[in-house]
file coords-v2.tsv (TSV, C-alpha atoms and all ligand atoms)
chain	number	residue	atom	x	y	z
W	204	MET	CA	0.00	0.00	0.00
W	205	SER	CA	1.41	3.36	-0.96
W	206	ASP	CA	1.44	6.20	1.52
W	207	HIS	CA	-0.99	8.47	-0.30
W	208	ARG	CA	-3.75	5.86	-0.07
W	209	ARG	CA	-3.96	6.09	3.68
W	210	SER	CA	-2.81	9.63	4.29
W	211	ASP	CA	-6.24	10.90	5.36
W	212	HIS	CA	-6.99	8.03	7.70
W	213	GLN	CA	-4.64	7.25	10.49
W	214	MET	CA	-4.66	3.59	11.38
W	215	SER	CA	-4.18	2.17	14.84
W	216	ASP	CA	-1.23	-0.13	15.56
W	217	HIS	CA	-3.64	-3.07	15.58
W	218	GLN	CA	-4.88	-2.17	12.12
W	219	GLU	CA	-1.36	-1.61	10.77
W	220	ASN	CA	-0.41	-5.02	12.10
W	221	LEU	CA	-3.41	-6.72	10.45
W	222	LEU	CA	-2.58	-5.03	7.17
W	223	LYS	CA	1.00	-6.33	7.29
W	224	ILE	CA	-0.25	-9.86	7.91
W	225	VAL	CA	-2.79	-9.60	5.05
W	226	ASP	CA	-0.03	-8.40	2.73
W	227	ALA	CA	2.16	-11.32	3.72
W	228	LEU	CA	-0.73	-13.69	2.90
W	229	GLN	CA	-1.60	-12.11	-0.45
W	230	SER	CA	-0.04	-14.69	-2.76
W	231	GLU	CA	-1.64	-17.57	-0.80
W	232	MET	CA	-4.96	-15.76	-1.06
W	233	ILE	CA	-4.68	-15.51	-4.83
W	234	ASP	CA	-3.64	-19.17	-5.10
W	235	PHE	CA	-6.75	-20.15	-3.13
W	236	THR	CA	-8.97	-18.03	-5.40
W	237	ARG	CA	-7.45	-19.83	-8.42
W	238	GLU	CA	-8.01	-23.19	-6.79
W	239	LEU	CA	-11.70	-22.37	-6.26
W	240	VAL	CA	-12.21	-20.92	-9.75
W	241	ALA	CA	-10.80	-24.13	-11.24
W	242	ILE	CA	-13.65	-26.13	-9.69
W	243	PRO	CA	-16.66	-25.79	-12.03
W	244	SER	CA	-19.37	-25.43	-9.36
W	245	GLU	CA	-21.94	-24.38	-11.95
W	246	ASN	CA	-25.49	-23.70	-10.89
W	247	PRO	CA	-27.76	-24.68	-12.46
W	248	PRO	CA	-27.50	-27.63	-12.12
W	249	GLY	CA	-25.21	-27.70	-9.07
W	250	ASN	CA	-22.02	-29.33	-10.36
W	251	GLU	CA	-19.04	-30.25	-8.17
W	252	TYR	CA	-20.59	-28.97	-4.95
W	253	ALA	CA	-19.00	-31.72	-2.85
W	254	ARG	CA	-15.55	-31.01	-4.28
W	255	CYS	CA	-15.80	-27.26	-3.84
W	256	ALA	CA	-17.06	-27.55	-0.25
W	257	GLU	CA	-14.21	-29.97	0.50
W	258	ALA	CA	-11.59	-27.55	-0.89
W	259	ILE	CA	-12.96	-24.79	1.34
W	260	ALA	CA	-13.08	-27.06	4.40
W	261	GLN	CA	-9.46	-28.14	3.75
W	262	LYS	CA	-8.29	-24.52	3.66
W	263	LEU	CA	-10.18	-23.77	6.89
W	264	LYS	CA	-8.46	-26.73	8.55
W	265	GLN	CA	-5.07	-25.46	7.37
W	266	ILE	CA	-5.66	-22.15	9.11
W	267	GLY	CA	-6.54	-23.98	12.32
W	268	LEU	CA	-10.35	-23.95	12.29
W	269	GLU	CA	-12.66	-26.91	12.74
W	270	PRO	CA	-15.06	-26.68	9.79
W	271	ARG	CA	-18.37	-28.50	9.55
W	272	VAL	CA	-19.57	-29.69	6.18
W	273	ILE	CA	-23.35	-30.00	6.23
W	274	GLU	CA	-25.08	-32.11	3.59
W	275	VAL	CA	-28.36	-30.54	2.49
W	276	PRO	CA	-30.92	-32.75	0.73
W	277	ALA	CA	-32.13	-31.47	-2.63
W	278	PRO	CA	-35.67	-30.04	-2.48
W	279	ILE	CA	-36.40	-31.75	-5.81
W	280	PRO	CA	-36.17	-35.57	-5.60
W	281	GLY	CA	-33.42	-37.02	-7.77
W	282	GLU	CA	-31.26	-33.89	-7.69
W	283	ARG	CA	-27.85	-33.96	-6.04
W	284	PRO	CA	-27.47	-32.64	-2.46
W	285	GLY	CA	-25.83	-29.36	-1.52
W	286	TYR	CA	-22.98	-28.89	0.95
W	287	CYS	CA	-22.67	-25.93	3.28
W	288	VAL	CA	-19.45	-25.21	5.16
W	289	THR	CA	-19.41	-23.42	8.50
W	290	ALA	CA	-16.57	-22.58	10.84
W	291	CYS	CA	-16.06	-20.42	13.87
W	292	HIS	CA	-13.18	-18.32	15.15
W	293	GLY	CA	-13.34	-17.03	18.72
W	294	GLU	CA	-16.00	-17.67	21.33
W	295	GLY	CA	-18.81	-15.97	23.18
W	296	GLU	CA	-22.36	-14.85	22.61
W	297	ARG	CA	-21.80	-12.15	20.00
W	298	ALA	CA	-21.19	-13.19	16.43
W	299	LEU	CA	-20.13	-11.41	13.28
W	300	TYR	CA	-21.15	-13.36	10.19
W	301	PHE	CA	-18.92	-13.67	7.12
W	302	HIS	CA	-21.25	-15.14	4.52
W	303	GLY	CA	-20.49	-16.25	0.98
W	304	HIS	CA	-21.55	-18.57	-1.82
W	305	TYR	CA	-19.40	-20.87	-3.92
W	306	ASP	CA	-21.83	-21.70	-6.72
W	307	VAL	CA	-21.28	-19.85	-9.98
W	308	VAL	CA	-23.51	-19.29	-13.00
W	309	PRO	CA	-22.73	-21.63	-15.94
W	310	HIS	CA	-19.73	-20.68	-18.09
W	311	SER	CA	-20.47	-18.57	-21.15
W	312	VAL	CA	-17.24	-19.27	-23.06
W	313	GLU	CA	-14.82	-22.21	-23.07
W	314	GLY	CA	-11.86	-22.04	-20.70
W	315	GLN	CA	-13.50	-20.07	-17.91
W	316	PHE	CA	-12.50	-22.72	-15.39
W	317	ASP	CA	-8.82	-22.28	-16.23
W	318	PRO	CA	-8.05	-19.22	-14.13
W	319	VAL	CA	-5.49	-16.81	-15.63
W	320	VAL	CA	-3.79	-13.78	-14.18
W	321	ARG	CA	-3.39	-10.97	-16.71
W	322	GLN	CA	-1.79	-7.75	-15.53
W	323	SER	CA	-3.37	-7.16	-12.15
W	324	ASN	CA	-6.58	-9.12	-12.70
W	325	LEU	CA	-7.57	-12.73	-12.17
W	326	PHE	CA	-9.89	-14.01	-14.91
W	327	GLY	CA	-12.31	-16.93	-14.65
W	328	ARG	CA	-15.91	-17.85	-13.96
W	329	GLY	CA	-16.80	-16.97	-10.39
W	330	SER	CA	-13.63	-14.91	-9.80
W	331	SER	CA	-15.78	-11.82	-9.24
W	332	ASP	CA	-19.03	-13.51	-8.09
W	333	MET	CA	-17.73	-14.51	-5.62
W	334	LYS	CA	-14.78	-16.84	-5.17
W	335	GLY	CA	-12.37	-13.90	-4.88
W	336	GLY	CA	-14.57	-12.63	-2.05
W	337	LEU	CA	-14.60	-16.05	-0.38
W	338	ALA	CA	-10.79	-16.01	-0.37
W	339	SER	CA	-10.88	-12.53	1.21
W	340	MET	CA	-13.17	-13.77	3.98
W	341	VAL	CA	-11.19	-16.93	4.72
W	342	PHE	CA	-7.91	-15.03	4.79
W	343	ALA	CA	-9.38	-12.26	6.94
W	344	VAL	CA	-9.97	-14.94	9.57
W	345	HIS	CA	-6.47	-16.29	8.93
W	346	ALA	CA	-5.05	-12.80	9.57
W	347	LEU	CA	-7.07	-12.36	12.78
W	348	ARG	CA	-5.73	-15.68	14.06
W	349	ARG	CA	-2.15	-14.81	13.18
W	350	ALA	CA	-2.46	-11.42	14.85
W	351	ARG	CA	-3.72	-13.25	17.96
W	352	THR	CA	-6.33	-10.52	18.36
W	353	ARG	CA	-8.49	-11.08	21.41
W	354	LEU	CA	-12.14	-10.90	20.42
W	355	ASN	CA	-15.18	-10.44	22.60
W	356	GLY	CA	-17.24	-12.81	20.48
W	357	ARG	CA	-16.79	-14.90	17.38
W	358	VAL	CA	-16.49	-14.66	13.63
W	359	GLU	CA	-18.82	-17.19	12.01
W	360	LEU	CA	-18.01	-18.23	8.46
W	361	VAL	CA	-21.01	-19.50	6.51
W	362	VAL	CA	-20.29	-20.71	2.98
W	363	VAL	CA	-23.15	-22.00	0.87
W	364	PRO	CA	-24.10	-23.18	-2.62
W	365	ASP	CA	-27.33	-22.44	-4.53
W	366	GLU	CA	-27.27	-18.65	-4.09
W	367	GLU	CA	-27.80	-18.17	-7.80
W	368	THR	CA	-31.06	-20.15	-7.71
W	369	GLY	CA	-32.82	-19.13	-4.51
W	370	GLY	CA	-30.83	-20.95	-1.82
W	371	GLY	CA	-32.77	-24.25	-1.68
W	372	ARG	CA	-29.63	-26.29	-0.92
W	373	GLY	CA	-27.95	-23.40	0.88
W	374	SER	CA	-29.12	-20.38	2.86
W	375	ALA	CA	-32.88	-20.97	2.59
W	376	TRP	CA	-32.37	-24.41	4.14
W	377	LEU	CA	-29.84	-23.29	6.78
W	378	SER	CA	-32.02	-20.37	7.83
W	379	ARG	CA	-34.76	-22.75	9.00
W	380	SER	CA	-32.53	-23.77	11.90
W	381	ALA	CA	-32.97	-21.93	15.20
W	382	ASP	CA	-29.18	-21.49	15.40
W	383	PHE	CA	-29.00	-19.56	12.15
W	384	GLY	CA	-27.74	-16.02	12.78
W	385	LYS	CA	-27.54	-16.69	16.52
W	386	GLY	CA	-26.02	-13.81	18.48
W	387	GLY	CA	-25.53	-11.83	15.26
W	388	ILE	CA	-24.27	-8.27	15.69
W	389	GLY	CA	-23.59	-7.88	11.99
W	390	MET	CA	-23.27	-9.71	8.68
W	391	MET	CA	-21.17	-9.12	5.61
W	392	THR	CA	-21.32	-10.94	2.31
W	393	ALA	CA	-18.68	-10.67	-0.39
W	394	GLU	CA	-20.91	-10.04	-3.42
W	395	PRO	CA	-19.34	-8.06	-6.28
W	396	THR	CA	-20.34	-4.53	-5.30
W	397	SER	CA	-17.85	-2.59	-7.49
W	398	GLY	CA	-16.58	-0.42	-4.65
W	399	VAL	CA	-19.93	0.55	-3.13
W	400	ILE	CA	-21.64	-0.91	-0.07
W	401	TRP	CA	-25.07	-2.42	-0.56
W	402	ASN	CA	-27.09	-1.63	2.56
W	403	ALA	CA	-30.47	-2.53	1.10
W	404	ASN	CA	-32.07	-4.90	-1.34
W	405	ARG	CA	-35.44	-5.35	-2.97
W	406	GLY	CA	-37.76	-8.17	-2.15
W	407	ALA	CA	-39.21	-10.34	-4.89
W	408	ILE	CA	-42.21	-12.41	-5.71
W	409	SER	CA	-42.00	-14.10	-9.07
W	410	LEU	CA	-44.92	-16.00	-10.59
W	411	ARG	CA	-45.80	-18.05	-13.61
W	412	ILE	CA	-49.43	-17.72	-14.66
W	413	THR	CA	-50.81	-20.44	-16.89
W	414	VAL	CA	-54.10	-19.54	-18.55
W	415	ASN	CA	-56.43	-22.29	-19.68
W	416	GLY	CA	-58.68	-22.17	-22.72
W	417	LYS	CA	-60.01	-24.71	-25.18
W	418	PRO	CA	-58.31	-25.47	-28.49
W	419	ALA	CA	-60.27	-25.46	-31.74
W	420	HIS	CA	-59.56	-25.00	-35.43
W	421	VAL	CA	-59.69	-21.38	-36.57
W	422	GLY	CA	-62.68	-22.12	-38.76
W	423	LEU	CA	-64.58	-23.34	-35.72
W	424	SER	CA	-63.09	-20.86	-33.27
W	425	CYS	CA	-66.61	-20.26	-31.96
W	426	GLN	CA	-66.25	-23.67	-30.27
W	427	GLY	CA	-62.90	-22.86	-28.62
W	428	VAL	CA	-61.84	-20.64	-25.75
W	429	ASN	CA	-58.86	-18.45	-26.61
W	430	ALA	CA	-56.25	-18.69	-23.84
W	431	PHE	CA	-54.22	-15.85	-25.38
W	432	GLU	CA	-57.14	-13.45	-25.22
W	433	ARG	CA	-57.77	-14.49	-21.62
W	434	MET	CA	-54.11	-13.87	-20.86
W	435	LEU	CA	-54.50	-10.33	-22.23
W	436	ILE	CA	-57.35	-9.69	-19.80
W	437	ILE	CA	-55.10	-10.71	-16.90
W	438	ALA	CA	-52.19	-8.66	-18.27
W	439	ARG	CA	-54.37	-5.55	-18.59
W	440	GLU	CA	-55.47	-5.82	-14.97
W	441	LEU	CA	-51.88	-6.27	-13.83
W	442	GLU	CA	-50.86	-3.28	-15.91
W	443	LYS	CA	-53.16	-1.09	-13.81
W	444	LEU	CA	-51.32	-2.28	-10.70
W	445	LYS	CA	-48.00	-1.64	-12.44
W	446	CYS	CA	-48.95	1.98	-13.24
W	447	GLU	CA	-49.84	2.55	-9.63
W	448	ILE	CA	-46.81	0.98	-7.94
W	449	GLU	CA	-44.40	2.64	-10.38
W	450	LYS	CA	-45.25	5.95	-8.75
W	451	ARG	CA	-43.53	4.72	-5.56
W	452	GLU	CA	-39.81	5.41	-5.27
W	453	THR	CA	-37.35	4.02	-2.75
W	454	GLY	CA	-35.41	6.47	-0.59
W	455	PHE	CA	-32.34	4.19	-0.78
W	456	PRO	CA	-29.89	5.39	-3.42
W	457	ILE	CA	-29.71	3.44	-6.67
W	458	ARG	CA	-28.62	4.62	-10.08
W	459	PRO	CA	-30.09	5.67	-12.47
W	460	ARG	CA	-32.85	7.62	-10.75
W	461	ALA	CA	-35.58	5.75	-12.68
W	462	ALA	CA	-34.42	2.50	-11.03
W	463	ARG	CA	-35.85	3.78	-7.72
W	464	ARG	CA	-39.38	2.96	-8.83
W	465	SER	CA	-41.09	-0.12	-7.53
W	466	ILE	CA	-41.21	-2.84	-10.20
W	467	LEU	CA	-43.70	-5.13	-11.83
W	468	MET	CA	-42.39	-6.79	-14.97
W	469	MET	CA	-44.50	-9.08	-17.15
W	470	GLY	CA	-43.61	-11.55	-19.87
W	471	GLY	CA	-39.99	-12.33	-18.95
W	472	GLU	CA	-40.99	-15.79	-20.11
W	473	CYS	CA	-43.98	-16.23	-22.33
W	474	ARG	CA	-45.32	-19.39	-23.96
W	475	GLY	CA	-48.45	-20.59	-25.69
W	476	GLY	CA	-50.32	-21.76	-28.74
W	477	SER	CA	-49.25	-24.35	-31.26
W	478	ASN	CA	-50.05	-22.95	-34.70
W	479	PHE	CA	-51.45	-19.84	-36.37
W	480	ASN	CA	-54.61	-21.62	-37.38
W	481	LEU	CA	-55.47	-23.11	-33.99
W	482	VAL	CA	-57.21	-21.39	-31.10
W	483	PRO	CA	-54.58	-21.54	-28.32
W	484	GLY	CA	-55.61	-23.93	-25.55
W	485	THR	CA	-53.04	-22.68	-23.03
W	486	CYS	CA	-50.80	-19.66	-22.63
W	487	SER	CA	-48.39	-18.83	-19.84
W	488	PHE	CA	-46.39	-15.80	-18.82
W	489	THR	CA	-44.26	-14.76	-15.88
W	490	VAL	CA	-44.69	-11.81	-13.55
W	491	ASP	CA	-41.72	-10.52	-11.59
W	492	ARG	CA	-42.70	-8.15	-8.80
W	493	ARG	CA	-39.72	-6.45	-7.13
W	494	ILE	CA	-40.61	-4.79	-3.86
W	495	ASN	CA	-38.83	-1.73	-2.48
W	496	PRO	CA	-37.56	-1.88	1.13
W	497	GLU	CA	-40.21	0.67	2.17
W	498	GLU	CA	-43.05	-1.52	0.88
W	499	ASP	CA	-44.45	-4.39	2.90
W	500	ALA	CA	-43.73	-7.65	1.08
W	501	GLU	CA	-46.78	-9.49	2.49
W	502	THR	CA	-49.17	-6.69	1.54
W	503	GLU	CA	-47.75	-6.47	-1.98
W	504	LYS	CA	-47.92	-10.22	-2.46
W	505	ARG	CA	-51.53	-10.25	-1.26
W	506	ARG	CA	-52.52	-7.44	-3.63
W	507	LEU	CA	-51.06	-9.24	-6.61
W	508	LEU	CA	-52.69	-12.56	-5.73
W	509	ASP	CA	-56.03	-10.90	-4.92
W	510	ILE	CA	-56.26	-9.51	-8.45
W	511	LEU	CA	-55.66	-13.00	-9.84
W	512	ASP	CA	-58.20	-14.57	-7.47
W	513	ARG	CA	-60.83	-12.03	-8.53
W	514	LEU	CA	-60.23	-12.76	-12.21
W	515	ARG	CA	-60.52	-16.48	-11.55
W	516	ARG	CA	-63.87	-15.94	-9.86
W	517	ASP	CA	-64.91	-13.93	-12.92
W	518	GLY	CA	-64.27	-16.99	-15.05
W	519	ILE	CA	-60.70	-16.44	-16.28
W	520	ASP	CA	-59.44	-19.96	-15.62
W	521	HIS	CA	-55.74	-19.99	-14.71
W	522	GLU	CA	-53.15	-21.41	-12.35
W	523	VAL	CA	-50.45	-19.55	-10.46
W	524	GLU	CA	-47.06	-21.02	-9.61
W	525	ILE	CA	-44.77	-19.10	-7.24
W	526	LEU	CA	-41.26	-19.33	-8.70
W	527	GLN	CA	-39.40	-17.43	-5.99
W	528	GLU	CA	-40.06	-15.28	-3.00
W	529	GLY	CA	-37.72	-13.15	-0.93
W	530	SER	CA	-38.15	-10.28	1.47
W	531	SER	CA	-36.59	-6.85	1.11
W	532	SER	CA	-34.25	-5.34	3.66
W	533	GLY	CA	-32.41	-2.14	4.39
W	534	VAL	CA	-30.11	-0.72	7.07
W	535	PRO	CA	-29.82	3.06	7.47
W	536	GLU	CA	-26.46	4.61	6.53
W	537	GLU	CA	-26.22	6.07	10.04
W	538	HIS	CA	-26.28	2.64	11.71
W	539	PRO	CA	-23.04	2.21	13.73
W	540	PHE	CA	-22.11	-0.97	11.84
W	541	ALA	CA	-22.69	0.79	8.49
W	542	ARG	CA	-20.47	3.69	9.56
W	543	ARG	CA	-17.75	1.37	10.79
W	544	LEU	CA	-17.73	-0.61	7.54
W	545	ALA	CA	-17.65	2.54	5.38
W	546	GLY	CA	-14.91	4.10	7.51
W	547	THR	CA	-12.78	0.97	7.29
W	548	VAL	CA	-13.20	0.73	3.51
W	549	GLU	CA	-12.05	4.32	3.22
W	550	SER	CA	-9.00	3.85	5.41
W	551	VAL	CA	-7.92	0.69	3.55
W	552	THR	CA	-8.63	1.76	-0.04
W	553	GLY	CA	-8.32	5.53	0.28
W	554	LYS	CA	-11.67	5.84	-1.48
W	555	ARG	CA	-15.06	6.68	-0.08
W	556	ALA	CA	-17.54	3.82	-0.36
W	557	PRO	CA	-21.04	5.15	-1.10
W	558	PHE	CA	-24.12	3.23	0.03
W	559	GLU	CA	-26.49	1.90	-2.61
W	560	MET	CA	-29.43	-0.45	-2.88
W	561	CYS	CA	-28.62	-3.72	-4.61
W	562	PRO	CA	-30.60	-4.06	-7.86
W	563	GLY	CA	-31.28	-7.78	-7.22
W	564	LEU	CA	-32.04	-10.21	-4.40
W	565	LEU	CA	-29.37	-10.66	-1.75
W	566	GLU	CA	-28.75	-13.34	0.88
W	567	THR	CA	-28.46	-10.52	3.40
W	568	ARG	CA	-32.24	-10.99	3.62
W	569	PHE	CA	-31.89	-14.20	5.65
W	570	TYR	CA	-29.99	-12.29	8.36
W	571	ALA	CA	-32.03	-9.08	8.08
W	572	GLU	CA	-35.15	-11.16	8.83
W	573	ARG	CA	-33.60	-11.81	12.25
W	574	GLY	CA	-32.85	-8.18	12.88
W	575	ILE	CA	-29.14	-8.44	12.08
W	576	PRO	CA	-27.64	-5.45	10.22
W	577	ALA	CA	-26.52	-7.03	6.94
W	578	PHE	CA	-24.32	-5.62	4.18
W	579	ALA	CA	-22.71	-6.64	0.93
W	580	TYR	CA	-19.23	-5.44	0.10
W	581	GLY	CA	-16.82	-7.51	-1.97
W	582	PRO	CA	-13.84	-7.40	-4.31
W	583	GLY	CA	-15.70	-8.20	-7.53
W	584	ILE	CA	-17.16	-5.98	-10.22
W	585	LEU	CA	-20.86	-6.31	-10.91
W	586	ALA	CA	-20.64	-5.40	-14.61
W	587	VAL	CA	-18.32	-8.34	-15.45
W	588	SER	CA	-19.93	-10.90	-13.13
W	589	HIS	CA	-21.86	-13.66	-14.98
W	590	GLY	CA	-20.26	-12.46	-18.26
W	591	PRO	CA	-17.76	-14.02	-20.70
W	592	LYS	CA	-14.81	-11.94	-19.40
W	593	GLU	CA	-15.41	-12.23	-15.68
W	594	PHE	CA	-12.41	-11.10	-13.63
W	595	VAL	CA	-11.51	-9.72	-10.22
W	596	PRO	CA	-8.79	-7.14	-9.52
W	597	ILE	CA	-6.17	-8.83	-7.29
W	598	GLN	CA	-5.69	-5.67	-5.24
W	599	ASN	CA	-9.39	-5.77	-4.33
W	600	ILE	CA	-9.12	-9.30	-2.90
W	601	ARG	CA	-6.35	-8.11	-0.62
W	602	ASP	CA	-8.18	-4.88	0.29
W	603	CYS	CA	-11.35	-6.76	1.17
W	604	ALA	CA	-9.47	-9.24	3.36
W	605	ALA	CA	-8.06	-6.26	5.27
W	606	VAL	CA	-11.49	-4.60	5.53
W	607	TYR	CA	-13.17	-7.77	6.84
W	608	ALA	CA	-10.43	-8.43	9.39
W	609	MET	CA	-10.40	-4.83	10.65
W	610	VAL	CA	-14.18	-4.62	10.89
W	611	ALA	CA	-14.24	-7.88	12.86
W	612	GLN	CA	-11.49	-6.67	15.17
W	613	ALA	CA	-13.28	-3.40	15.89
W	614	ALA	CA	-16.86	-4.74	16.03
W	615	LEU	CA	-15.93	-7.56	18.39
W	616	ALA	CA	-13.61	-5.48	20.57
W	617	GLU	CA	-16.28	-3.72	22.60
Y	1	ZN	ZN	-23.07	-13.68	-6.00
call {"tool": "encode", "arguments": {"input": "coords-v2.tsv", "output": "structure tokens"}}
result
Amino acid sequence: MSDHRRSDHQMSDHQENLLKIVDALQSEMIDFTRELVAIPSENPPGNEYARCAEAIAQKLKQIGLEPRVIEVPAPIPGERPGYCVTACHGEGERALYFHGHYDVVPHSVEGQFDPVVRQSNLFGRGSSDMKGGLASMVFAVHALRRARTRLNGRVELVVVPDEETGGGRGSAWLSRSADFGKGGIGMMTAEPTSGVIWNANRGAISLRITVNGKPAHVGLSCQGVNAFERMLIIARELEKLKCEIEKRETGFPIRPRAARRSILMMGGECRGGSNFNLVPGTCSFTVDRRINPEEDAETEKRRLLDILDRLRRDGIDHEVEILQEGSSSGVPEEHPFARRLAGTVESVTGKRAPFEMCPGLLETRFYAERGIPAFAYGPGILAVSHGPKEFVPIQNIRDCAAVYAMVAQAALAE
């Protein structure tokens, strides 16, 4: 770290010491990121979960922890199980959660599981979202152990698969346990936030609506019931709701300004009919309702489903399948944990970290539901995540490890 980067923010001796240790561990940290990227833990369908969990558990053992690998049965019979890895450093009631996921979206070009370092970046699927961040979290704990920092509480590492598909074999399953989030004073997840801190996320309820009609030849369409036309009736009613909820804006910052509006999107997936000369017997379309943190998820879900129930009573025969559901969450910027995280980021990187609302769903929601202040801040870059040229800046992996370690040291010192 060059002097100008920390000139404005004087570090304590403890922090300086942690930083030195993190720097000494940097090449090991990058090697571990490469090791993880080379394991194609693609989701869907959930490849190589056992191997990836084992690699993480091995590393945790090497740094002196006693990891638990928890086998999670697949919610869909016949699918492979998931494996969560947890480990604890320190002891006591209070817990700071370091949370991450090791599943990655499927590769989009060949060779993405052969990690390469070019200039100061590490390329490969999952490098940004979020295996680089996992390495930062693991090595933050490593640094805390090496520094022999006394903590009033514990750092709990929770590493899961299935984040990319709703958490069925990961966080959604773990969060049903009474122990989940126990004693939590804060939670950080290493999602690719591109230098900002996500202190809020939208909730979601996503549906597939399948409209039933009766097929008939066009010449005898009087004998059929047109599922497409029925679908339009439903869509028109939902459009009225859309116009209304779009007038609501979140107070949490998100760019561009228009993205602050509450969201109802129709037709992300749309299917139906079999030929131009046949009355369509079925038609289906999806509805993705994204709920701002200021809106009440239950109320919004009810409103949406009430409209559909009313239409069904009016004779528009259809079925509704809930594809995913997640609650929104948000922590004010003035919260002491938020201020501590932002201050630490600034002293490590020399740059101010603004707060923003995450545009998508976040696993912070599982902790927020239990009243734990939950944040995302990680080394990756959102714009390249999931893409063909996914990479993570190596400096960011090191910076994040320092941030996590320092936040833990300060948050668990009191
Ligand atoms: Zn992610």
call {"tool": "residues_around", "arguments": {"input": "coords-v2.tsv", "residues": "Glu359 of chain W", "least_positions_apart": "6", "cutoff": "10 Å", "atoms": "all atoms listed in the file", "output": "PDB file with C-alpha atoms, keeping the file's coordinate frame"}}
result
ATOM      1  CA  THR W 289     -19.410 -23.420   8.500  1.00  0.00           C
ATOM      2  CA  ALA W 290     -16.570 -22.580  10.840  1.00  0.00           C
ATOM      3  CA  CYS W 291     -16.060 -20.420  13.870  1.00  0.00           C
ATOM      4  CA  HIS W 292     -13.180 -18.320  15.150  1.00  0.00           C
ATOM      5  CA  GLY W 293     -13.340 -17.030  18.720  1.00  0.00           C
ATOM      6  CA  GLU W 294     -16.000 -17.670  21.330  1.00  0.00           C
ATOM      7  CA  ARG W 297     -21.800 -12.150  20.000  1.00  0.00           C
ATOM      8  CA  ALA W 298     -21.190 -13.190  16.430  1.00  0.00           C
ATOM      9  CA  LEU W 299     -20.130 -11.410  13.280  1.00  0.00           C
ATOM     10  CA  TYR W 300     -21.150 -13.360  10.190  1.00  0.00           C
ATOM     11  CA  PHE W 301     -18.920 -13.670   7.120  1.00  0.00           C
ATOM     12  CA  HIS W 302     -21.250 -15.140   4.520  1.00  0.00           C
ATOM     13  CA  VAL W 344      -9.970 -14.940   9.570  1.00  0.00           C
ATOM     14  CA  GLY W 384     -27.740 -16.020  12.780  1.00  0.00           C
ATOM     15  CA  LYS W 385     -27.540 -16.690  16.520  1.00  0.00           C
ATOM     16  CA  GLY W 387     -25.530 -11.830  15.260  1.00  0.00           C
ATOM     17  CA  MET W 390     -23.270  -9.710   8.680  1.00  0.00           C
TER      18      MET W 390
END
call {"tool": "residues_around", "arguments": {"input": "coords-v2.tsv", "residues": "segment 471-480 of chain W", "least_positions_apart": "5", "cutoff": "8 Å", "atoms": "all atoms listed in the file", "output": "list in words"}}
result
His420, Val421, Phe431, Thr485, Cys486, Ser487, Phe488, Thr489, Val490 and Asp491 of chain W
call {"tool": "closest_residue", "arguments": {"input": "coords-v2.tsv", "among": "W:Gly406, W:Pro562, W:Pro418, W:Pro535", "to": "Ala500 of chain W", "atoms": "all atoms listed in the file"}}
result
W:Gly406
call {"tool": "residues_near_ligand", "arguments": {"input": "coords-v2.tsv", "ligand": "ligand ZN 1 (chain Y)", "cutoff": "12 Å", "atoms": "only C-alpha atoms and all ligand atoms", "output": "VMD selection string"}}
result
chain W and resid 246 302 to 308 328 to 337 362 to 370 392 to 396 561 563 to 567 579 to 585 587 to 589
call {"tool": "residues_around", "arguments": {"input": "coords-v2.tsv", "residues": "segment 450-460 of chain W", "least_positions_apart": "5", "cutoff": "6 Å", "atoms": "all atoms listed in the file", "output": "list in words"}}
result
Ser465, Asn495, Glu559 and Met560 of chain W
call {"tool": "residues_around", "arguments": {"input": "coords-v2.tsv", "residues": "Glu251 of chain W", "least_positions_apart": "6", "cutoff": "7 Å", "atoms": "all atoms listed in the file", "output": "mmCIF file with C-alpha atoms, in the frame of the given file"}}
result
data_model
loop_
_atom_site.group_PDB
_atom_site.id
_atom_site.type_symbol
_atom_site.label_atom_id
_atom_site.label_comp_id
_atom_site.auth_asym_id
_atom_site.auth_seq_id
_atom_site.Cartn_x
_atom_site.Cartn_y
_atom_site.Cartn_z
ATOM 1 C CA ILE W 242 -13.650 -26.130 -9.690
ATOM 2 C CA PRO W 243 -16.660 -25.790 -12.030
ATOM 3 C CA SER W 244 -19.370 -25.430 -9.360
#
call {"tool": "closest_residue", "arguments": {"input": "coords-v2.tsv", "among": "W:Arg433, W:Arg254, W:Arg405, W:Arg348", "to": "Gly518 of chain W", "atoms": "all atoms listed in the file"}}
result
W:Arg433
call {"tool": "closest_residue", "arguments": {"input": "coords-v2.tsv", "among": "W:Val225, W:Ile388, W:Val240, W:Val428", "to": "Gly356 of chain W", "atoms": "only C-alpha atoms"}}
result
W:Ile388
call {"tool": "build_atoms", "arguments": {"input": "coords-v2.tsv", "residues": "segment 254-258 of chain W", "atoms": "N, CA and C atoms", "output": "compact mmCIF listing (two decimals), keeping the file's coordinate frame"}}
result
# COMPACT_ATOMS: atom_id res chain seq x y z
N ARG W 254 -16.98 -31.29 -4.13
CA ARG W 254 -15.55 -31.01 -4.28
C ARG W 254 -15.21 -29.58 -3.83
N CYS W 255 -16.07 -28.66 -4.19
CA CYS W 255 -15.80 -27.26 -3.84
C CYS W 255 -15.89 -27.06 -2.32
N ALA W 256 -16.91 -27.67 -1.71
CA ALA W 256 -17.06 -27.55 -0.25
C ALA W 256 -15.85 -28.16 0.44
N GLU W 257 -15.35 -29.28 -0.10
CA GLU W 257 -14.21 -29.97 0.50
C GLU W 257 -12.94 -29.10 0.41
N ALA W 258 -12.76 -28.43 -0.73
CA ALA W 258 -11.59 -27.55 -0.89
C ALA W 258 -11.63 -26.41 0.13
